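A.B. asks: You'll find run.cif just under this line, and it carries mmCIF, C-alpha atoms (C1' of nucleotides).
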```
data_structure
#
loop_
_atom_site.label_atom_id
_atom_site.label_comp_id
_atom_site.auth_asym_id
_atom_site.auth_seq_id
_atom_site.Cartn_x
_atom_site.Cartn_y
_atom_site.Cartn_z
CA MET A 1 0.00 0.00 0.00
CA GLY A 2 1.05 3.60 -0.40
CA ARG A 3 2.59 4.74 2.85
CA LYS A 4 4.14 7.89 4.21
CA LYS A 5 7.40 8.17 6.12
CA ARG A 6 6.99 7.05 9.72
CA GLN A 7 6.48 9.88 12.08
CA LYS A 8 5.47 9.12 15.66
CA PRO A 9 3.13 11.99 16.61
CA ARG A 10 5.05 14.93 18.07
CA ASN A 11 3.77 16.83 21.12
CA ALA A 12 0.57 14.85 21.19
CA SER A 13 -0.42 16.44 24.50
CA THR A 14 -0.15 19.94 23.12
CA GLU A 15 -2.15 19.12 20.01
CA LEU A 16 -4.82 17.28 21.97
CA ARG A 17 -5.07 20.03 24.55
CA ARG A 18 -5.39 22.56 21.79
CA PHE A 19 -8.19 20.58 20.21
CA TYR A 20 -9.91 20.15 23.55
CA THR A 21 -9.85 23.83 24.49
CA GLU A 22 -10.82 24.84 20.98
CA HIS A 23 -13.67 22.37 20.52
CA GLN A 24 -14.54 21.77 24.16
CA ARG A 25 -14.41 18.04 23.56
CA MET A 26 -11.83 15.45 22.59
CA PRO A 27 -11.52 14.43 18.93
CA SER A 28 -12.96 11.23 17.54
CA TYR A 29 -10.44 8.69 16.30
CA ARG A 30 -10.99 9.81 12.75
CA GLU A 31 -10.59 13.46 13.67
CA ALA A 32 -7.41 12.63 15.55
CA ALA A 33 -6.16 10.74 12.52
CA THR A 34 -6.65 13.86 10.44
CA LEU A 35 -5.05 15.98 13.15
CA PHE A 36 -1.89 13.88 13.18
CA ARG A 37 -1.99 13.22 9.43
CA TYR A 38 -2.79 9.52 9.48
CA ARG A 39 -4.74 7.81 6.78
CA SER A 40 -6.31 5.24 9.05
CA PRO A 41 -8.23 5.77 12.28
CA ASN A 42 -6.46 2.66 13.47
CA ALA A 43 -3.19 4.51 13.71
CA ILE A 44 -4.92 6.40 16.52
CA THR A 45 -6.08 3.20 18.19
CA TYR A 46 -2.44 2.21 18.15
CA TRP A 47 -1.31 5.42 19.81
CA VAL A 48 -4.19 5.71 22.21
CA ASN A 49 -2.97 2.49 23.74
CA ARG A 50 0.28 4.09 24.79
CA TRP A 51 -1.25 7.48 25.49
CA THR A 52 -3.43 5.85 28.12
CA THR A 53 -0.37 4.42 29.85
CA THR A 54 1.28 7.84 29.95
CA GLY A 55 -1.91 9.50 31.13
CA ILE A 56 -2.42 11.75 28.13
CA VAL A 57 -5.86 10.35 27.37
CA ARG A 58 -8.49 8.13 28.94
CA ARG A 59 -11.34 6.19 27.36
CA ASP A 60 -14.96 6.58 28.32
CA ARG A 61 -17.60 3.89 28.46
CA THR A 62 -17.88 3.62 24.68
CA GLY A 63 -14.16 3.94 24.01
CA ARG A 64 -14.27 7.60 23.12
CA LEU A 65 -11.39 9.80 24.18
CA LEU A 66 -11.26 11.88 27.33
CA PRO A 67 -8.45 14.14 28.49
CA GLY A 68 -6.11 12.19 30.77
CA PRO A 69 -4.37 13.42 33.92
CA ALA A 70 -1.44 14.69 31.87
CA LEU A 71 -3.73 17.09 30.04
CA ALA A 72 -5.27 18.23 33.30
CA PRO A 73 -4.88 21.67 34.79
CA ILE A 74 -2.44 23.08 37.28
CA ARG A 75 -1.21 21.36 40.40
CA LEU A 76 -1.11 23.04 43.78
CA LEU A 77 2.06 22.20 45.67
CA GLY A 78 3.10 23.10 49.20
CA ASN A 79 4.27 26.33 50.76
CA VAL A 80 7.10 28.53 49.64
CA GLN A 81 8.96 29.21 52.82
CA ALA A 82 8.50 25.81 54.38
CA GLY A 83 11.19 24.45 52.10
CA PHE A 84 10.65 23.37 48.56
CA PRO A 85 7.93 20.79 48.29
CA SER A 86 8.46 17.33 46.92
CA PRO A 87 5.94 16.18 44.33
CA ALA A 88 4.94 13.49 46.80
CA GLU A 89 3.29 15.93 49.16
CA GLU A 90 1.12 17.67 46.62
CA GLU A 91 -2.17 18.89 47.87
CA HIS A 92 -4.91 17.55 45.70
CA ILE A 93 -6.37 20.48 43.93
CA ASP A 94 -4.86 18.70 40.92
CA THR A 95 -8.03 17.81 39.22
CA LEU A 96 -9.75 21.11 39.92
CA SER A 97 -9.46 23.86 37.39
CA LEU A 98 -8.60 27.37 38.46
CA ASP A 99 -12.04 28.39 37.26
CA ASP A 100 -13.83 26.00 39.52
CA TRP A 101 -11.50 26.76 42.37
CA LEU A 102 -11.90 30.52 42.16
CA VAL A 103 -15.43 30.95 40.88
CA GLY A 104 -18.05 29.58 43.19
CA ASN A 105 -21.15 31.07 41.69
CA ARG A 106 -20.61 31.49 37.97
CA GLU A 107 -23.77 33.28 36.99
CA ALA A 108 -23.29 35.91 39.70
CA SER A 109 -19.57 36.42 39.13
CA PHE A 110 -17.57 38.81 37.05
CA MET A 111 -14.11 40.30 36.94
CA LEU A 112 -12.76 43.81 37.17
CA LYS A 113 -9.37 45.36 36.55
CA VAL A 114 -8.29 47.59 39.42
CA SER A 115 -7.15 51.07 38.53
CA GLY A 116 -7.03 53.03 41.80
CA ASP A 117 -4.59 52.73 44.69
CA SER A 118 -7.19 52.89 47.44
CA MET A 119 -6.54 49.29 48.50
CA VAL A 120 -2.74 49.10 48.30
CA ASP A 121 -2.37 48.52 52.01
CA ALA A 122 -4.52 45.41 51.60
CA GLY A 123 -2.11 44.24 48.92
CA ILE A 124 -4.39 45.11 46.00
CA GLN A 125 -2.53 47.16 43.44
CA PRO A 126 -3.53 49.05 40.32
CA GLY A 127 -3.50 46.57 37.43
CA ASP A 128 -4.66 43.66 39.56
CA TYR A 129 -7.87 41.83 38.69
CA VAL A 130 -10.61 41.14 41.20
CA LEU A 131 -13.32 38.53 41.02
CA ILE A 132 -16.67 39.76 42.27
CA ASP A 133 -19.61 37.75 43.53
CA ARG A 134 -22.82 39.70 43.00
CA GLY A 135 -24.95 37.36 45.04
CA ARG A 136 -23.12 37.42 48.34
CA THR A 137 -24.19 39.62 51.24
CA PRO A 138 -21.16 41.47 52.61
CA LYS A 139 -19.82 40.62 56.06
CA LYS A 140 -17.72 42.87 58.25
CA GLY A 141 -14.20 42.92 56.89
CA ASP A 142 -15.16 41.95 53.35
CA ILE A 143 -13.90 44.00 50.46
CA VAL A 144 -16.84 45.28 48.42
CA ILE A 145 -17.53 47.19 45.24
CA ALA A 146 -19.80 50.08 46.30
CA GLU A 147 -21.30 53.17 44.79
CA VAL A 148 -20.27 56.38 46.53
CA ASP A 149 -21.21 59.77 45.05
CA ASN A 150 -22.17 58.18 41.76
CA GLU A 151 -18.80 56.49 41.48
CA TRP A 152 -17.94 52.84 42.00
CA THR A 153 -15.03 52.10 44.29
CA MET A 154 -13.51 49.23 46.18
CA LYS A 155 -13.56 49.49 49.97
CA PHE A 156 -13.55 47.52 53.20
CA PHE A 157 -17.07 46.91 54.46
CA GLU A 158 -17.14 47.63 58.20
CA LYS A 159 -19.40 48.73 61.02
CA ARG A 160 -19.24 51.44 63.67
CA GLY A 161 -21.94 50.64 66.14
CA ASN A 162 -24.91 50.06 63.91
CA ARG A 163 -23.73 52.19 61.03
CA ILE A 164 -22.01 50.78 57.96
CA VAL A 165 -18.78 52.50 57.00
CA LEU A 166 -16.55 52.08 53.99
CA ARG A 167 -12.86 52.19 54.75
CA ALA A 168 -10.05 52.45 52.22
CA ALA A 169 -6.86 50.47 52.74
CA ASN A 170 -4.72 53.52 52.07
CA ARG A 171 -4.04 56.12 54.72
CA ARG A 172 -4.40 58.90 52.19
CA TYR A 173 -8.09 58.14 51.60
CA PRO A 174 -10.81 59.06 54.07
CA THR A 175 -13.30 56.65 55.59
CA ILE A 176 -16.77 57.10 54.20
CA VAL A 177 -19.98 57.05 56.21
CA PRO A 178 -22.82 56.79 53.70
CA HIS A 179 -25.74 59.11 54.46
CA GLN A 180 -28.48 57.62 52.42
CA GLU A 181 -28.91 54.23 50.91
CA LEU A 182 -25.81 52.30 49.97
CA LYS A 183 -25.44 50.46 46.69
CA ILE A 184 -23.17 47.43 46.74
CA ALA A 185 -22.38 45.69 43.48
CA GLY A 186 -20.76 42.67 45.06
CA VAL A 187 -18.12 41.18 47.28
CA VAL A 188 -14.52 40.63 46.19
CA THR A 189 -13.82 36.91 46.40
CA SER A 190 -10.30 36.87 45.02
CA VAL A 191 -7.49 38.95 43.62
CA ILE A 192 -5.36 38.01 40.66
CA ARG A 193 -2.11 39.62 39.63
CA LYS A 194 -0.52 38.70 36.34
CA TYR A 195 3.11 39.48 35.56
CA LYS A 196 4.23 39.80 31.98
CA MET B 1 -48.61 5.38 27.13
CA GLY B 2 -47.42 5.52 30.71
CA ARG B 3 -46.27 9.04 31.42
CA LYS B 4 -44.82 10.95 34.35
CA LYS B 5 -45.95 14.35 35.60
CA ARG B 6 -44.65 17.11 33.42
CA GLN B 7 -41.54 18.69 34.74
CA LYS B 8 -39.64 21.15 32.56
CA PRO B 9 -35.97 20.55 33.46
CA ARG B 10 -34.87 22.73 36.40
CA ASN B 11 -31.50 24.49 36.43
CA ALA B 12 -30.46 22.82 33.24
CA SER B 13 -27.30 24.95 33.06
CA THR B 14 -26.17 23.85 36.49
CA GLU B 15 -26.76 20.19 35.77
CA LEU B 16 -25.08 20.35 32.40
CA ARG B 17 -22.11 22.26 33.75
CA ARG B 18 -21.79 19.71 36.51
CA PHE B 19 -21.81 16.89 33.98
CA TYR B 20 -19.29 18.67 31.80
CA THR B 21 -16.78 19.37 34.58
CA GLU B 22 -17.24 15.89 35.99
CA HIS B 23 -16.97 13.98 32.71
CA GLN B 24 -14.98 16.50 30.70
CA ARG B 25 -17.48 16.22 27.89
CA MET B 26 -21.15 16.96 27.30
CA PRO B 27 -23.67 14.14 27.70
CA SER B 28 -25.19 12.27 24.79
CA TYR B 29 -28.92 12.76 24.29
CA ARG B 30 -29.61 9.47 26.00
CA GLU B 31 -27.38 10.35 28.92
CA ALA B 32 -29.05 13.72 29.23
CA ALA B 33 -32.43 11.99 29.18
CA THR B 34 -31.33 9.90 32.14
CA LEU B 35 -29.89 12.97 33.85
CA PHE B 36 -33.19 14.82 33.64
CA ARG B 37 -35.27 11.68 34.17
CA TYR B 38 -36.83 11.40 30.74
CA ARG B 39 -37.78 8.12 29.20
CA SER B 40 -37.10 9.18 25.64
CA PRO B 41 -33.96 10.76 24.18
CA ASN B 42 -36.36 12.80 22.13
CA ALA B 43 -37.38 14.83 25.15
CA ILE B 44 -33.81 16.12 25.03
CA THR B 45 -34.05 16.92 21.32
CA TYR B 46 -37.08 18.96 22.26
CA TRP B 47 -35.22 20.89 24.97
CA VAL B 48 -31.97 21.25 23.09
CA ASN B 49 -33.91 23.29 20.58
CA ARG B 50 -34.65 25.94 23.15
CA TRP B 51 -31.37 25.56 24.99
CA THR B 52 -29.59 26.55 21.80
CA THR B 53 -31.59 29.74 21.58
CA THR B 54 -30.71 30.66 25.18
CA GLY B 55 -27.07 29.77 24.63
CA ILE B 56 -26.89 26.96 27.15
CA VAL B 57 -25.75 24.43 24.56
CA ARG B 58 -24.47 24.30 21.00
CA ARG B 59 -24.42 21.47 18.49
CA ASP B 60 -21.32 20.21 16.78
CA ARG B 61 -20.98 18.92 13.25
CA THR B 62 -22.78 15.68 14.02
CA GLY B 63 -25.42 17.17 16.28
CA ARG B 64 -23.70 16.26 19.52
CA LEU B 65 -23.87 18.68 22.40
CA LEU B 66 -21.27 21.30 23.21
CA PRO B 67 -21.31 23.77 26.09
CA GLY B 68 -22.89 27.05 24.94
CA PRO B 69 -21.84 30.58 25.84
CA ALA B 70 -24.09 30.50 28.91
CA LEU B 71 -22.06 27.65 30.34
CA ALA B 72 -18.83 29.47 29.59
CA PRO B 73 -16.41 30.81 32.19
CA ILE B 74 -16.01 34.20 33.75
CA ARG B 75 -16.30 37.54 32.01
CA LEU B 76 -13.75 40.30 32.38
CA LEU B 77 -15.35 43.72 32.68
CA GLY B 78 -13.76 47.16 32.80
CA ASN B 79 -11.92 49.00 35.54
CA VAL B 80 -13.04 49.63 39.07
CA GLN B 81 -12.27 53.27 39.55
CA ALA B 82 -13.16 54.46 36.12
CA GLY B 83 -16.80 54.19 37.04
CA PHE B 84 -18.80 51.01 36.97
CA PRO B 85 -18.63 49.33 33.61
CA SER B 86 -21.62 48.69 31.44
CA PRO B 87 -21.91 45.18 30.04
CA ALA B 88 -21.53 46.75 26.62
CA GLU B 89 -17.89 47.58 27.14
CA GLU B 90 -16.76 44.17 28.26
CA GLU B 91 -13.32 43.18 27.24
CA HIS B 92 -13.45 39.90 25.50
CA ILE B 93 -11.73 37.45 27.74
CA ASP B 94 -15.23 35.95 27.89
CA THR B 95 -14.47 32.78 26.10
CA LEU B 96 -11.11 32.24 27.75
CA SER B 97 -10.95 30.22 30.93
CA LEU B 98 -8.94 31.47 33.88
CA ASP B 99 -6.70 28.46 33.40
CA ASP B 100 -5.81 29.36 29.86
CA TRP B 101 -5.48 33.01 30.76
CA LEU B 102 -3.15 32.46 33.69
CA VAL B 103 -1.24 29.34 32.70
CA GLY B 104 0.82 29.78 29.58
CA ASN B 105 2.97 26.69 29.73
CA ARG B 106 1.06 23.97 31.53
CA GLU B 107 3.68 21.26 31.73
CA ALA B 108 6.19 23.66 33.26
CA SER B 109 3.77 25.32 35.68
CA PHE B 110 2.82 24.70 39.25
CA MET B 111 1.39 26.55 42.18
CA LEU B 112 2.66 27.40 45.65
CA LYS B 113 1.03 28.79 48.74
CA VAL B 114 3.02 31.66 50.20
CA SER B 115 3.86 31.46 53.87
CA GLY B 116 6.51 34.12 54.50
CA ASP B 117 6.17 37.88 54.55
CA SER B 118 9.30 38.62 52.55
CA MET B 119 7.30 40.01 49.62
CA VAL B 120 4.64 42.05 51.39
CA ASP B 121 5.88 45.31 49.95
CA ALA B 122 5.28 43.85 46.50
CA GLY B 123 1.72 43.10 47.56
CA ILE B 124 2.27 39.37 48.04
CA GLN B 125 0.99 38.30 51.42
CA PRO B 126 1.18 35.11 53.44
CA GLY B 127 -1.67 32.87 52.34
CA ASP B 128 -1.54 34.04 48.73
CA TYR B 129 -0.95 31.53 45.95
CA VAL B 130 1.66 32.01 43.26
CA LEU B 131 1.82 30.39 39.86
CA ILE B 132 5.33 29.43 38.83
CA ASP B 133 6.71 28.83 35.37
CA ARG B 134 9.67 26.46 35.55
CA GLY B 135 10.69 26.99 31.99
CA ARG B 136 11.16 30.73 31.88
CA THR B 137 14.56 32.39 32.24
CA PRO B 138 14.33 35.19 34.81
CA LYS B 139 14.65 38.78 33.70
CA LYS B 140 15.68 41.71 35.88
CA GLY B 141 12.74 42.66 38.08
CA ASP B 142 11.05 39.24 37.92
CA ILE B 143 10.00 37.53 41.11
CA VAL B 144 11.65 34.13 41.34
CA ILE B 145 11.65 31.07 43.54
CA ALA B 146 15.32 30.51 44.47
CA GLU B 147 17.34 28.27 46.72
CA VAL B 148 19.36 30.16 49.28
CA ASP B 149 21.23 28.27 52.03
CA ASN B 150 19.29 25.09 51.31
CA GLU B 151 15.98 26.90 51.67
CA TRP B 152 13.61 27.96 48.96
CA THR B 153 12.40 31.56 49.06
CA MET B 154 10.67 34.08 46.88
CA LYS B 155 12.72 37.13 45.89
CA PHE B 156 13.14 39.82 43.28
CA PHE B 157 15.70 38.85 40.67
CA GLU B 158 18.02 41.83 40.08
CA LYS B 159 21.52 42.76 39.00
CA ARG B 160 24.28 44.89 40.47
CA GLY B 161 26.78 45.37 37.74
CA ASN B 162 27.31 41.85 36.49
CA ARG B 163 26.33 40.10 39.69
CA ILE B 164 22.90 38.68 40.33
CA VAL B 165 21.32 39.71 43.62
CA LEU B 166 18.11 38.56 45.29
CA ARG B 167 16.15 41.32 46.94
CA ALA B 168 13.22 40.90 49.32
CA ALA B 169 10.28 43.24 49.12
CA ASN B 170 10.31 43.81 52.85
CA ARG B 171 12.70 46.28 54.47
CA ARG B 172 13.29 43.87 57.37
CA TYR B 173 14.96 41.30 55.09
CA PRO B 174 18.48 41.70 53.75
CA THR B 175 19.44 41.56 50.10
CA ILE B 176 21.29 38.40 49.21
CA VAL B 177 24.33 38.17 46.96
CA PRO B 178 24.79 34.49 46.16
CA HIS B 179 28.40 33.35 46.38
CA GLN B 180 28.34 30.15 44.49
CA GLU B 181 25.91 28.77 42.02
CA LEU B 182 22.31 29.91 42.21
CA LYS B 183 19.40 27.53 41.90
CA ILE B 184 16.20 29.00 40.51
CA ALA B 185 13.07 26.88 40.49
CA GLY B 186 11.04 29.22 38.35
CA VAL B 187 9.56 32.62 37.72
CA VAL B 188 6.37 33.84 39.38
CA THR B 189 3.85 34.56 36.63
CA SER B 190 0.85 35.47 38.75
CA VAL B 191 -0.46 35.90 42.24
CA ILE B 192 -3.85 34.74 43.45
CA ARG B 193 -5.52 35.73 46.67
CA LYS B 194 -8.71 34.00 47.72
CA TYR B 195 -11.03 35.44 50.36
CA LYS B 196 -13.30 33.15 52.30
"C1'" DT C 1 23.32 -9.08 6.01
"C1'" DA C 2 19.10 -11.26 8.33
"C1'" DT C 3 15.76 -10.77 11.98
"C1'" DT C 4 12.88 -8.51 15.15
"C1'" DT C 5 10.35 -4.71 16.60
"C1'" DT C 6 7.72 -0.67 15.68
"C1'" DA C 7 4.66 2.06 12.97
"C1'" DT C 8 1.07 2.59 9.35
"C1'" DT C 9 -2.78 1.29 6.31
"C1'" DG C 10 -7.20 -0.81 4.87
"C1'" DT C 11 -11.47 -3.21 5.58
"C1'" DA C 12 -15.43 -4.74 7.93
"C1'" DC C 13 -18.69 -4.96 11.67
"C1'" DA C 14 -21.39 -4.30 15.83
"C1'" DT C 15 -22.64 -0.50 18.60
"C1'" DT C 16 -24.08 4.06 19.65
"C1'" DC C 17 -25.62 8.15 18.17
"C1'" DG C 18 -28.91 12.18 16.69
"C1'" DT C 19 -33.18 12.91 14.71
"C1'" DA C 20 -37.52 12.52 11.87
"C1'" DC C 21 -42.16 11.14 12.52
"C1'" DA C 22 -46.23 10.10 14.87
"C1'" DA C 23 -49.05 9.72 18.90
"C1'" DT C 24 -50.86 11.56 23.10
"C1'" DA C 25 -51.32 13.43 27.76
"C1'" DG C 26 -51.02 17.62 30.63
"C1'" DT C 27 -51.87 22.62 31.16
"C1'" DC C 28 -54.00 26.83 30.50
"C1'" DA C 29 -57.13 30.28 28.71
"C1'" DA C 30 -61.47 31.40 26.68
"C1'" DT D 1 -66.27 22.36 27.83
"C1'" DT D 2 -63.60 23.16 24.15
"C1'" DG D 3 -59.55 24.09 21.81
"C1'" DA D 4 -54.77 25.48 21.47
"C1'" DC D 5 -50.43 24.92 23.01
"C1'" DT D 6 -46.78 22.54 25.57
"C1'" DA D 7 -44.41 18.58 27.16
"C1'" DT D 8 -43.41 13.54 26.98
"C1'" DT D 9 -43.02 8.90 24.97
"C1'" DG D 10 -41.91 5.33 21.52
"C1'" DT D 11 -40.02 3.65 17.28
"C1'" DA D 12 -37.13 3.36 13.45
"C1'" DC D 13 -33.39 4.66 10.40
"C1'" DG D 14 -29.14 6.42 8.43
"C1'" DA D 15 -24.83 8.19 9.82
"C1'" DA D 16 -20.78 8.12 12.64
"C1'" DT D 17 -18.07 5.77 15.87
"C1'" DG D 18 -14.49 2.46 18.18
"C1'" DT D 19 -12.18 -1.71 17.31
"C1'" DA D 20 -10.81 -6.50 15.76
"C1'" DC D 21 -8.14 -8.54 12.23
"C1'" DA D 22 -4.83 -8.85 8.75
"C1'" DA D 23 -1.16 -7.12 5.91
"C1'" DT D 24 3.18 -4.79 5.41
"C1'" DA D 25 6.66 -1.14 5.21
"C1'" DA D 26 10.23 1.25 7.95
"C1'" DA D 27 13.51 1.30 11.47
"C1'" DA D 28 16.29 -0.86 14.86
"C1'" DT D 29 19.03 -4.60 16.21
"C1'" DA D 30 21.98 -8.48 15.86
#
```
When written as structure tokens, how does the structure in this file appear?

C.D. replies:
Amino acid sequence: MGRKKRQKPRNASTELRRFYTEHQRMPSYREAATLFRYRSPNAITYWVNRWTTTGIVRRDRTGRLLPGPALAPIRLLGNVQAGFPSPAEEEHIDTLSLDDWLVGNREASFMLKVSGDSMVDAGIQPGDYVLIDRGRTPKKGDIVIAEVDNEWTMKFFEKRGNRIVLRAANRRYPTIVPHQELKIAGVVTSVIRKYK
Amino acid sequence: MGRKKRQKPRNASTELRRFYTEHQRMPSYREAATLFRYRSPNAITYWVNRWTTTGIVRRDRTGRLLPGPALAPIRLLGNVQAGFPSPAEEEHIDTLSLDDWLVGNREASFMLKVSGDSMVDAGIQPGDYVLIDRGRTPKKGDIVIAEVDNEWTMKFFEKRGNRIVLRAANRRYPTIVPHQELKIAGVVTSVIRKYK
DNA sequence: TATTTTATTGTACATTCGTACAATAGTCAA
DNA sequence: TTGACTATTGTACGAATGTACAATAAAATA
């Protein structure tokens, strides 16, 4: 039969991950054959057998492909200062995606980029991103997105006696005691800083 | 025919998202029928038709289910201080997952929980998580995980003349000039803080 | 060189899949 | 009560899928 030079699929994990994130599913054997330039879907059967041993893919009930552990998201290891962690003592957030880990209530969540310096003393800097949960009712000490004088800002939600006050985590900003009704857009559930 | 009380599937998005994150694929029509307690896969065909209009699901080439925009991850909106953003002016990280956004090089990445206070002046606090890229070569100004005196710490990577120095972002810690060879585990690519 | 191992192709088949079609019961408003 | 609309069930069919089997070329090894 006509036959191409042998190849052995290069960076299978990368290609498969790309397909998975692009299509939100794993390829069929025939699609994978196309992807890796094979003429027969059976070439994929051949490779799937070793990919399962290396954890790149798994099979579901009907034999279809699923992403294996090696395609899975980020691992959470131990602490920085407590000495460098050995892979043995990994915490097991392994299987969880950052999305699931950070976003509890998807429908009610959104993200903002921080541009002021009113929260620097709380370690939130301009350029950071904050995840907001719209649905949550703020507790004392929470960081909230609130409307003050027709402007939305990020402040600590606190109480003085029975009154609610909004405190900035920057000595240069005053604490605000809202007169009338107070609009709160949501509670900050996490902060993300991304270095280039 | 025997028939159950009418139901109209409740929180379809939640159920479907649960299935998708658990199985890493969308259900077949028959599986979805089981999931929502229907006796006929055709009940799902019926509902898929309206789920596609509300963006909960999409169909692929062969009619199989894919997660729709409404099942998709977090949206990135505008800036905090620049006034509260209208949904119109969303940046379009919509379709991107936090994982993809934060983790460039999956194989070479891992996560650490910060336990020291050596970087507080850079806004990295004890309890924060840092994502590390093993593969990247550190540039001046990067935050790195380095081995100093048989202990791993997080420091700014800088240069004095031709020498590499490791500087803490906390006035109480000294700057370190490594004598011999310097082991660097990776470069910090992002910081994540999670409030309870 | 000869031999073994590894990689690729093609075909065929049972299984699973989505969906078209038809029937009918539940719900609601007039 | 009647009629219109909505929701559910069952069946059947063509298309797509994973895989078993067999053949064989390419590369590695002796």

A.B. asks: Using the chain letters and numbers from the file, which residues does the PyMOL selection byres ((chain D and resi 6) around 8) grab, as a count of residues only?

C.D. replies: 3

A.B. asks: Hey, what's within 12 Å of Pro41 of chain B if we count only C-alpha atoms (C1' of nucleotides) and toss same-chain stuff fewer than 6 positions away? As a ChimeraX atom specification, please?

C.D. replies: /B:27-35,47-48 /C:17-19 /D:8-11

A.B. asks: For the file shown, what are the residues hit by the PyMOL selection byres ((chain B and resi 156) around 12), laid out as a ChimeraX atom specification?

C.D. replies: /B:118-122,124,138-146,153-155,157-159,164-170,174-177,184,186-188

A.B. asks: Would you kindly return, as a list of chain:residue names, each protein, DNA or RNA residue with an atom no farther than 10 Å from any atom of Lys183 of chain B, considering only C-alpha atoms (C1' of nucleotides) and excluding same-chain residues fewer than 5 positions away?

C.D. replies: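 Counting only the stated atoms, we get B:Ile145, B:Ala146, B:Glu147, B:Val148, B:Asn150, B:Trp152, B:Pro178.
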
A.B. asks: With C-alpha atoms kept, could you save the residues just selected as an mmCIF file, in the frame of the given file?

C.D. replies:
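The resulting file, out.cif, is shown below:
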```cif
data_model
loop_
_atom_site.group_PDB
_atom_site.id
_atom_site.type_symbol
_atom_site.label_atom_id
_atom_site.label_comp_id
_atom_site.auth_asym_id
_atom_site.auth_seq_id
_atom_site.Cartn_x
_atom_site.Cartn_y
_atom_site.Cartn_z
ATOM 1 C CA ILE B 145 11.650 31.070 43.540
ATOM 2 C CA ALA B 146 15.320 30.510 44.470
ATOM 3 C CA GLU B 147 17.340 28.270 46.720
ATOM 4 C CA VAL B 148 19.360 30.160 49.280
ATOM 5 C CA ASN B 150 19.290 25.090 51.310
ATOM 6 C CA TRP B 152 13.610 27.960 48.960
ATOM 7 C CA PRO B 178 24.790 34.490 46.160
#
```

A.B. asks: Selection in question (the file shown): the PyMOL selection byres ((chain C) within 10 of (chain A)). Which residues does it include, as a list in words?

C.D. replies: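 That selection, the PyMOL selection byres ((chain C) within 10 of (chain A)), comes back as DT6, DA7, DT8, DT9, DG10, DT15 and DT16 of chain C.
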
A.B. asks: Within 10 Å of (13.5, -8.8, 13.9) (coordinates as in the file), grab all the protein and nucleic acid residues, counting all atoms listed in the file, and write them out as JSON, numbers by chain.

C.D. replies: {"C": [2, 3, 4, 5], "D": [28, 29, 30]}

A.B. asks: Would you give me, as JSON, numbers by chain, the residues of chain D that come within 8 Å of chain A, using only C-alpha atoms (C1' of nucleotides)?

C.D. replies: {"D": [17, 18, 19, 24, 25, 26]}

A.B. asks: Atom CA of Thr54 of chain A and atom CA of Pro69 of chain A are how many Å apart?

C.D. replies: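 So the answer is 8.9 Å.
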
A.B. asks: Measure the distance from atom CA of Asn162 of chain A to atom CA of Lys196 of chain B in Å and round it to one decimal.

C.D. replies: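 Distance between the two atoms: 23.6 Å.
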
A.B. asks: Compare B:Ile56, B:Ala185, B:Met111, B:Ala12 by their minimum atom-to-atom distance to chain A, counting only C-alpha atoms, and give me the closest one.

C.D. replies: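 When distances to chain A are compared using only C-alpha atoms, the smallest one comes from B:Met111.
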
A.B. asks: Can you work out the spacing between atom CA of Arg25 of chain A and atom CA of Met26 of chain B in Å, to one decimal?

C.D. replies: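 Answer for the atom CA of Arg25 of chain A to atom CA of Met26 of chain B separation: 7.8 Å.
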
A.B. asks: What's around DA29 of chain C at 12 Å? Count all atoms listed in the file, leave out sequence neighbours fewer than 3 positions away in its own chain, and write the answer as a list in words.

C.D. replies: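 Using all atoms listed in the file, the neighbours found are DT2, DG3, DA4 and DC5 of chain D.
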
A.B. asks: Using all atoms listed in the file for the distances, tell me which of A:Tyr129, A:Phe110, A:Tyr173, A:Tyr20 is nearest to chain B.

C.D. replies: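 Among A:Tyr129, A:Phe110, A:Tyr173, A:Tyr20, it is A:Phe110 that comes nearest to chain B.
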
A.B. asks: Counting only C-alpha atoms, figure out which residue out of B:Ile132, B:Ala108, B:Ile192, B:Leu182 gets nearest to chain A.

C.D. replies: B:Ile192

A.B. asks: Looking at all atoms listed in the file, which of A:Arg171, A:Arg193, A:Arg59, A:Arg136 is the one that sits closest to chain B?

C.D. replies: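 Among the listed residues, A:Arg193 lies closest to chain B.
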
A.B. asks: Using all atoms listed in the file, which of B:Gln125, B:Thr137, B:Gln24, B:Ser109 sits nearest Pro67 of chain B?

C.D. replies: B:Gln24
